[in-house]
$ cat upload11.tsv   # TSV, C-alpha atoms
chain	number	residue	atom	x	y	z
A	87	MET	CA	0.00	0.00	0.00
A	88	GLN	CA	1.25	3.45	-0.81
A	89	ALA	CA	2.31	4.93	2.50
A	90	LYS	CA	1.52	8.62	2.50
A	91	CYS	CA	2.80	9.96	5.84
A	92	LEU	CA	-0.81	10.58	6.09
A	93	LEU	CA	-7.04	9.51	7.41
A	94	PRO	CA	-9.51	10.13	9.95
A	95	SER	CA	-10.61	11.32	11.11
A	96	ILE	CA	-12.30	10.59	9.69
A	97	LEU	CA	-12.29	11.63	10.83
A	98	GLY	CA	-10.39	13.16	14.02
A	99	THR	CA	-10.58	14.42	17.59
A	100	ALA	CA	-8.87	12.79	20.56
A	101	VAL	CA	-6.99	15.97	21.23
A	102	LEU	CA	-10.32	17.03	22.67
A	103	LEU	CA	-9.65	14.73	25.59
A	104	GLY	CA	-7.40	16.99	27.56
A	105	ALA	CA	-3.69	17.53	27.99
A	106	ALA	CA	-1.40	20.39	28.88
A	107	PRO	CA	-3.28	23.69	29.14
A	108	ALA	CA	-3.80	25.39	25.79
A	109	GLY	CA	-5.63	28.49	26.99
A	110	ALA	CA	-9.05	29.16	25.55
A	111	ALA	CA	-10.59	27.03	22.83
A	112	ASP	CA	-8.14	26.55	19.95
A	113	ARG	CA	-8.85	25.34	16.44
A	114	PHE	CA	-6.46	22.85	14.86
A	115	ALA	CA	-6.21	22.06	11.15
A	116	ILE	CA	-5.69	18.36	10.45
A	117	ASP	CA	-2.28	17.77	8.87
A	118	PRO	CA	-2.85	15.24	6.05
A	119	ALA	CA	0.89	14.70	5.64
A	120	HIS	CA	1.08	13.21	9.14
A	121	SER	CA	-2.36	11.65	9.54
A	122	ASN	CA	-3.95	8.39	8.38
A	123	ILE	CA	-7.53	7.25	7.82
A	124	VAL	CA	-7.35	3.47	7.54
A	125	PHE	CA	-9.98	0.73	7.30
A	126	LEU	CA	-9.95	-3.06	7.53
A	127	ILE	CA	-12.54	-5.43	6.06
A	128	GLU	CA	-12.78	-9.22	6.24
A	129	HIS	CA	-12.16	-11.01	2.95
A	130	LEU	CA	-13.98	-14.36	2.69
A	131	GLY	CA	-12.80	-15.28	6.18
A	132	TYR	CA	-9.19	-15.70	5.00
A	133	SER	CA	-7.78	-12.30	5.89
A	134	ARG	CA	-8.58	-8.67	6.49
A	135	MET	CA	-7.94	-6.32	3.60
A	136	VAL	CA	-6.38	-2.99	4.56
A	137	GLY	CA	-7.06	0.29	2.79
A	138	GLN	CA	-6.90	4.02	3.37
A	139	PHE	CA	-8.02	7.35	1.99
A	140	GLN	CA	-5.33	9.64	0.63
A	141	ASP	CA	-7.29	12.90	0.28
A	142	PHE	CA	-9.06	14.43	3.27
A	143	SER	CA	-9.24	17.66	5.23
A	144	GLY	CA	-10.76	18.93	8.43
A	145	SER	CA	-10.30	20.62	11.76
A	146	PHE	CA	-11.01	20.17	15.44
A	147	VAL	CA	-11.56	22.52	18.38
A	148	PHE	CA	-9.99	21.94	21.79
A	149	ASP	CA	-10.63	23.82	25.02
A	150	ALA	CA	-8.31	22.58	27.79
A	151	ALA	CA	-10.70	23.94	30.43
A	152	ASP	CA	-13.63	22.01	28.96
A	153	PRO	CA	-12.44	19.21	26.62
A	154	GLY	CA	-15.92	17.72	26.39
A	155	ALA	CA	-17.09	20.88	24.60
A	156	GLY	CA	-14.73	20.35	21.65
A	157	SER	CA	-15.78	19.51	18.13
A	158	VAL	CA	-14.47	18.00	14.90
A	159	GLU	CA	-15.31	18.09	11.20
A	160	VAL	CA	-13.68	15.94	8.51
A	161	ALA	CA	-14.31	15.62	4.76
A	162	ILE	CA	-12.93	12.62	2.83
A	163	GLN	CA	-12.73	12.37	-0.96
A	164	THR	CA	-14.06	8.89	-1.78
A	165	ALA	CA	-12.12	8.63	-5.06
A	166	SER	CA	-8.90	8.74	-3.04
A	167	ILE	CA	-9.44	5.19	-1.74
A	168	ASP	CA	-6.21	3.19	-1.90
A	169	THR	CA	-5.89	-0.55	-1.24
A	170	ASP	CA	-2.61	-0.91	-3.18
A	171	HIS	CA	-4.42	-2.63	-6.06
A	172	ASP	CA	-5.52	-0.45	-9.00
A	173	LYS	CA	-8.22	-2.76	-10.40
A	174	ARG	CA	-9.81	-3.24	-6.97
A	175	ASP	CA	-9.63	0.48	-6.24
A	176	ASP	CA	-11.47	1.22	-9.50
A	177	HIS	CA	-14.18	-1.24	-8.47
A	178	LEU	CA	-14.42	0.34	-5.02
A	179	ARG	CA	-15.01	3.73	-6.68
A	180	SER	CA	-17.87	2.27	-8.74
A	181	PRO	CA	-21.61	2.25	-7.86
A	182	ASP	CA	-21.10	-1.20	-6.28
A	183	PHE	CA	-19.31	0.46	-3.38
A	184	PHE	CA	-18.45	4.16	-2.85
A	185	ASN	CA	-20.01	5.45	-6.09
A	186	ALA	CA	-17.40	8.20	-6.13
A	187	THR	CA	-18.82	9.97	-9.19
A	188	GLU	CA	-22.25	10.55	-7.62
A	189	PHE	CA	-20.98	10.83	-4.03
A	190	PRO	CA	-17.48	12.31	-4.24
A	191	GLU	CA	-17.27	13.13	-0.55
A	192	MET	CA	-18.11	11.52	2.77
A	193	SER	CA	-18.03	13.51	5.97
A	194	PHE	CA	-17.94	13.21	9.74
A	195	ARG	CA	-19.21	15.85	12.16
A	196	SER	CA	-19.02	15.29	15.91
A	197	THR	CA	-22.15	15.54	18.04
A	198	GLY	CA	-20.78	14.73	21.50
A	199	ILE	CA	-17.67	13.87	23.51
A	200	GLU	CA	-17.57	11.67	26.61
A	201	ILE	CA	-14.42	11.76	28.74
A	202	THR	CA	-13.56	8.23	29.94
A	203	GLY	CA	-10.09	8.66	31.49
A	204	ASP	CA	-7.08	10.94	31.84
A	205	LYS	CA	-6.16	10.51	28.17
A	206	THR	CA	-9.14	8.63	26.74
A	207	GLY	CA	-12.61	9.43	25.57
A	208	ARG	CA	-15.44	8.51	23.26
A	209	ILE	CA	-16.53	10.74	20.40
A	210	THR	CA	-19.91	10.32	18.73
A	211	GLY	CA	-20.72	11.95	15.45
A	212	ASP	CA	-22.68	11.77	12.22
A	213	LEU	CA	-21.03	10.02	9.29
A	214	THR	CA	-22.52	10.76	5.89
A	215	LEU	CA	-21.72	8.19	3.19
A	216	LEU	CA	-23.59	7.50	-0.06
A	217	GLY	CA	-26.07	10.20	0.93
A	218	VAL	CA	-26.97	8.36	4.16
A	219	THR	CA	-26.19	9.77	7.61
A	220	ARG	CA	-25.73	7.46	10.60
A	221	PRO	CA	-24.11	7.87	14.04
A	222	VAL	CA	-20.61	6.47	14.54
A	223	THR	CA	-18.65	6.26	17.81
A	224	LEU	CA	-14.86	6.37	18.08
A	225	ASP	CA	-12.73	5.42	21.10
A	226	VAL	CA	-9.91	7.92	21.25
A	227	THR	CA	-6.56	8.19	23.01
A	228	PHE	CA	-4.83	11.53	23.43
A	229	ASN	CA	-1.15	11.40	22.48
A	230	LYS	CA	0.43	14.84	22.78
A	231	LEU	CA	-0.16	18.60	22.87
A	232	ALA	CA	2.97	20.78	22.57
A	233	PRO	CA	4.74	23.28	20.33
A	234	HIS	CA	5.91	21.48	17.19
A	235	PRO	CA	9.65	20.75	17.50
A	236	LEU	CA	10.53	20.86	13.77
A	237	PRO	CA	11.86	24.25	12.65
A	238	GLN	CA	9.63	24.50	9.57
A	239	TYR	CA	6.58	24.61	11.87
A	240	ASN	CA	7.89	27.70	13.73
A	241	GLY	CA	6.82	26.38	17.14
A	242	VAL	CA	3.11	26.23	16.30
A	243	LEU	CA	1.01	24.37	18.86
A	244	ALA	CA	0.38	20.81	17.61
A	245	ALA	CA	-1.85	18.01	18.86
A	246	GLY	CA	-2.09	14.32	18.09
A	247	PHE	CA	-4.28	11.35	18.94
A	248	SER	CA	-5.30	7.84	17.93
A	249	ALA	CA	-8.86	6.60	17.42
A	250	ARG	CA	-10.53	3.26	16.76
A	251	GLY	CA	-14.08	2.38	15.81
A	252	SER	CA	-16.28	0.31	13.54
A	253	LEU	CA	-19.38	0.56	11.41
A	254	LYS	CA	-21.63	-1.63	9.28
A	255	ARG	CA	-21.38	-0.68	5.62
A	256	SER	CA	-24.86	-2.05	4.98
A	257	ASP	CA	-26.25	0.69	7.26
A	258	PHE	CA	-25.22	3.12	4.51
A	259	GLY	CA	-26.61	1.00	1.66
A	260	MET	CA	-23.28	-0.58	0.68
A	261	LYS	CA	-24.24	-4.26	0.44
A	262	THR	CA	-22.25	-5.65	-2.51
A	263	PHE	CA	-20.83	-9.14	-1.80
A	264	ALA	CA	-22.04	-9.13	1.82
A	265	PRO	CA	-21.64	-11.19	3.91
A	266	ALA	CA	-18.77	-12.92	2.04
A	267	LEU	CA	-17.02	-9.57	2.03
A	268	GLY	CA	-17.37	-8.36	5.60
A	269	ASP	CA	-20.19	-6.04	6.56
A	270	GLU	CA	-18.41	-4.65	9.62
A	271	ILE	CA	-15.61	-2.23	8.82
A	272	GLU	CA	-12.89	-1.51	11.37
A	273	ILE	CA	-11.58	2.07	11.40
A	274	TRP	CA	-8.12	3.22	12.51
A	275	LEU	CA	-7.28	6.91	12.77
A	276	GLU	CA	-3.93	8.50	13.49
A	277	ILE	CA	-4.29	12.28	13.50
A	278	GLU	CA	-2.01	15.27	13.89
A	279	GLY	CA	-3.13	18.86	13.71
A	280	GLN	CA	-1.64	22.33	14.05
A	281	LYS	CA	-3.26	25.33	15.69
A	282	THR	CA	-4.67	27.80	13.19

$ encode --input "upload11.tsv" --output "structure tokens"
Amino acid sequence: MQAKCLLPSILGTAVLLGAAPAGAADRFAIDPAHSNIVFLIEHLGYSRMVGQFQDFSGSFVFDAADPGAGSVEVAIQTASIDTDHDKRDDHLRSPDFFNATEFPEMSFRSTGIEITGDKTGRITGDLTLLGVTRPVTLDVTFNKLAPHPLPQYNGVLAAGFSARGSLKRSDFGMKTFAPALGDEIEIWLEIEGQKT
């Protein structure tokens, strides 16, 4: 699979879970060069196929005094799906799956944040895919909040987190080859963002 130091969010927000004080609410732009939005799907019971999306953007808001009041928005370009196999990726862009021509974008917008530990939480939001909107919940782990150490970032405040979740593709009308090709999709997110 092409490894773009990359989604995602999705889809992204564990920085909302609290860390070193950041003052009032800050907005962070997701850094697609250092973030990944990855999915895994069962293939005929033999293995789990791994894929990712290469083109996405978004932002999240973090208030250290009230991390549960944060928010996140992510937009993912469905045609950017990448499973390291061109023929399969073309099929995944077709009406059998993501129908990227008619639905070029899927999106996630948070609706609530539950703090579950010092560096953990649960984010619920609305995922819109194939014109269908359903709630999705992500378990998130806060990783770091600090000025970025690399000189090209000029000390901008940066935040990072990891998130895991799952969804049923059939809930969004994507039923091709189910159940031979798994219905439940596992989601992995590794997200970095810089304060705007």

$ closest_residue --input "upload11.tsv" --among "A:Leu275, A:Gln280, A:Gly217, A:Thr197" --to "Val158 (chain A)" --atoms "only C-alpha atoms"
A:Thr197

$ residues_near_point --input "upload11.tsv" --point "(-2.5, 17.2, 6.5)" --cutoff "8 Å" --atoms "all atoms listed in the file" --output "list in words"
Leu92, Ala115, Ile116, Asp117, Pro118, Ala119, His120, Ser121, Phe142, Ser143, Glu278 and Gly279 of chain A

$ atom_distance --input "upload11.tsv" --atom1 "CA of Ala244 (chain A)" --atom2 "CA of Ala232 (chain A)"
5.6 Å

$ closest_residue --input "upload11.tsv" --among "A:Gln238, A:Gln138, A:Ser248, A:Thr210" --to "Asp175 (chain A)" --atoms "all atoms listed in the file"
A:Gln138

$ closest_residue --input "upload11.tsv" --among "A:Trp274, A:His234, A:Gln140, A:Leu267" --to "Gly251 (chain A)" --atoms "all atoms listed in the file"
A:Trp274

$ closest_residue --input "upload11.tsv" --among "A:Glu276, A:Glu188, A:Glu270, A:Asp212" --to "Ser256 (chain A)" --atoms "all atoms listed in the file"
A:Glu270

$ residues_around --input "upload11.tsv" --residues "Glu272 (chain A)" --least-positions-apart "2" --cutoff "6 Å" --atoms "only C-alpha atoms" --output "PyMOL selection string"
chain A and resi 125-126+252

$ closest_residue --input "upload11.tsv" --among "A:Arg220, A:His171, A:Arg255, A:His177" --to "Arg195 (chain A)" --atoms "all atoms listed in the file"
A:Arg220

$ atom_distance --input "upload11.tsv" --atom1 "CA of Glu128 (chain A)" --atom2 "CA of Phe263 (chain A)"
11.4 Å

$ atom_distance --input "upload11.tsv" --atom1 "CA of Ile127 (chain A)" --atom2 "CA of Phe139 (chain A)"
14.2 Å

$ closest_residue --input "upload11.tsv" --among "A:Pro190, A:Gly246, A:Pro181, A:Pro237" --to "Phe114 (chain A)" --atoms "all atoms listed in the file"
A:Gly246

$ axis_aligned_box --input "upload11.tsv" --around "region 210-223 of chain A" --padding-each-side "5 Å" --output "JSON"
{"center_x": -22.8, "center_y": 9.1, "center_z": 9.3, "size_x": 18.3, "size_y": 15.7, "size_z": 28.8}

$ residues_around --input "upload11.tsv" --residues "Ile201 (chain A)" --least-positions-apart "3" --cutoff "7 Å" --atoms "only C-alpha atoms" --output "PyMOL selection string"
chain A and resi 103+154+206-208

$ decode --input "upload11.tsv" --residues "region 114-128 of chain A" --atoms "all heavy atoms" --output "tab-separated table (two decimals), in the first residue's frame"
chain	number	residue	atom	x	y	z
A	114	PHE	N	-7.60	23.52	15.46
A	114	PHE	CA	-6.46	22.85	14.86
A	114	PHE	C	-6.86	22.35	13.47
A	114	PHE	O	-7.92	21.75	13.30
A	114	PHE	CB	-6.02	21.65	15.70
A	114	PHE	CG	-5.47	22.02	17.05
A	114	PHE	CD1	-6.32	22.38	18.09
A	114	PHE	CD2	-4.11	22.01	17.28
A	114	PHE	CE1	-5.82	22.72	19.35
A	114	PHE	CE2	-3.59	22.36	18.52
A	114	PHE	CZ	-4.44	22.71	19.56
A	115	ALA	N	-6.00	22.61	12.49
A	115	ALA	CA	-6.21	22.06	11.15
A	115	ALA	C	-5.54	20.70	11.07
A	115	ALA	O	-4.37	20.55	11.46
A	115	ALA	CB	-5.62	22.99	10.10
A	116	ILE	N	-6.27	19.70	10.60
A	116	ILE	CA	-5.69	18.36	10.45
A	116	ILE	C	-4.59	18.40	9.40
A	116	ILE	O	-4.75	18.96	8.32
A	116	ILE	CB	-6.78	17.34	10.09
A	116	ILE	CG1	-7.74	17.17	11.27
A	116	ILE	CG2	-6.17	16.01	9.70
A	116	ILE	CD1	-8.95	16.30	10.96
A	117	ASP	N	-3.46	17.81	9.74
A	117	ASP	CA	-2.28	17.77	8.87
A	117	ASP	C	-2.31	16.46	8.08
A	117	ASP	O	-1.96	15.40	8.61
A	117	ASP	CB	-1.03	17.84	9.73
A	117	ASP	CG	0.26	17.77	8.93
A	117	ASP	OD1	0.18	17.65	7.69
A	117	ASP	OD2	1.33	17.84	9.54
A	118	PRO	N	-2.72	16.48	6.81
A	118	PRO	CA	-2.85	15.24	6.05
A	118	PRO	C	-1.52	14.56	5.77
A	118	PRO	O	-1.48	13.37	5.47
A	118	PRO	CB	-3.54	15.68	4.75
A	118	PRO	CG	-3.20	17.12	4.62
A	118	PRO	CD	-3.12	17.66	6.02
A	119	ALA	N	-0.41	15.30	5.88
A	119	ALA	CA	0.89	14.70	5.64
A	119	ALA	C	1.33	13.82	6.80
A	119	ALA	O	2.24	13.00	6.65
A	119	ALA	CB	1.94	15.79	5.39
A	120	HIS	N	0.70	13.98	7.96
A	120	HIS	CA	1.08	13.21	9.14
A	120	HIS	C	-0.14	12.60	9.82
A	120	HIS	O	-0.17	12.46	11.04
A	120	HIS	CB	1.87	14.09	10.11
A	120	HIS	CG	3.12	14.62	9.52
A	120	HIS	ND1	3.21	15.88	8.98
A	120	HIS	CD2	4.34	14.03	9.34
A	120	HIS	CE1	4.43	16.07	8.50
A	120	HIS	NE2	5.14	14.97	8.69
A	121	SER	N	-1.14	12.27	9.02
A	121	SER	CA	-2.36	11.65	9.54
A	121	SER	C	-2.76	10.50	8.62
A	121	SER	O	-2.38	10.48	7.45
A	121	SER	CB	-3.50	12.67	9.61
A	121	SER	OG	-3.17	13.75	10.46
A	122	ASN	N	-3.49	9.54	9.15
A	122	ASN	CA	-3.95	8.39	8.38
A	122	ASN	C	-5.40	8.08	8.70
A	122	ASN	O	-5.79	8.10	9.87
A	122	ASN	CB	-3.12	7.14	8.68
A	122	ASN	CG	-1.68	7.29	8.26
A	122	ASN	OD1	-0.87	7.82	9.00
A	122	ASN	ND2	-1.36	6.81	7.07
A	123	ILE	N	-6.17	7.76	7.67
A	123	ILE	CA	-7.53	7.25	7.82
A	123	ILE	C	-7.53	5.88	7.17
A	123	ILE	O	-7.49	5.75	5.95
A	123	ILE	CB	-8.57	8.18	7.17
A	123	ILE	CG1	-8.56	9.55	7.85
A	123	ILE	CG2	-9.95	7.56	7.25
A	123	ILE	CD1	-9.48	10.58	7.22
A	124	VAL	N	-7.55	4.85	7.99
A	124	VAL	CA	-7.35	3.47	7.54
A	124	VAL	C	-8.58	2.63	7.87
A	124	VAL	O	-9.25	2.87	8.89
A	124	VAL	CB	-6.10	2.86	8.23
A	124	VAL	CG1	-5.89	1.41	7.84
A	124	VAL	CG2	-4.86	3.69	7.91
A	125	PHE	N	-8.89	1.65	7.01
A	125	PHE	CA	-9.98	0.73	7.30
A	125	PHE	C	-9.53	-0.70	7.04
A	125	PHE	O	-8.62	-0.95	6.25
A	125	PHE	CB	-11.22	1.07	6.45
A	125	PHE	CG	-11.00	0.90	4.96
A	125	PHE	CD1	-11.24	-0.32	4.34
A	125	PHE	CD2	-10.56	1.97	4.19
A	125	PHE	CE1	-11.03	-0.48	2.97
A	125	PHE	CE2	-10.36	1.82	2.82
A	125	PHE	CZ	-10.60	0.59	2.21
A	126	LEU	N	-10.20	-1.63	7.71
A	126	LEU	CA	-9.95	-3.06	7.53
A	126	LEU	C	-11.28	-3.76	7.31
A	126	LEU	O	-12.27	-3.45	8.01
A	126	LEU	CB	-9.25	-3.68	8.74
A	126	LEU	CG	-7.83	-3.20	9.04
A	126	LEU	CD1	-7.87	-1.96	9.94
A	126	LEU	CD2	-7.03	-4.29	9.74
A	127	ILE	N	-11.32	-4.70	6.35
A	127	ILE	CA	-12.54	-5.43	6.06
A	127	ILE	C	-12.20	-6.90	5.82
A	127	ILE	O	-11.21	-7.22	5.18
A	127	ILE	CB	-13.27	-4.83	4.83
A	127	ILE	CG1	-14.54	-5.59	4.51
A	127	ILE	CG2	-12.35	-4.75	3.61
A	127	ILE	CD1	-15.41	-4.93	3.46
A	128	GLU	N	-13.02	-7.79	6.38
A	128	GLU	CA	-12.78	-9.22	6.24
A	128	GLU	C	-13.00	-9.67	4.80
A	128	GLU	O	-13.96	-9.26	4.14
A	128	GLU	CB	-13.72	-9.99	7.16
A	128	GLU	CG	-13.46	-11.50	7.16
A	128	GLU	CD	-14.38	-12.23	8.11
A	128	GLU	OE1	-14.29	-11.98	9.33
A	128	GLU	OE2	-15.21	-13.02	7.63
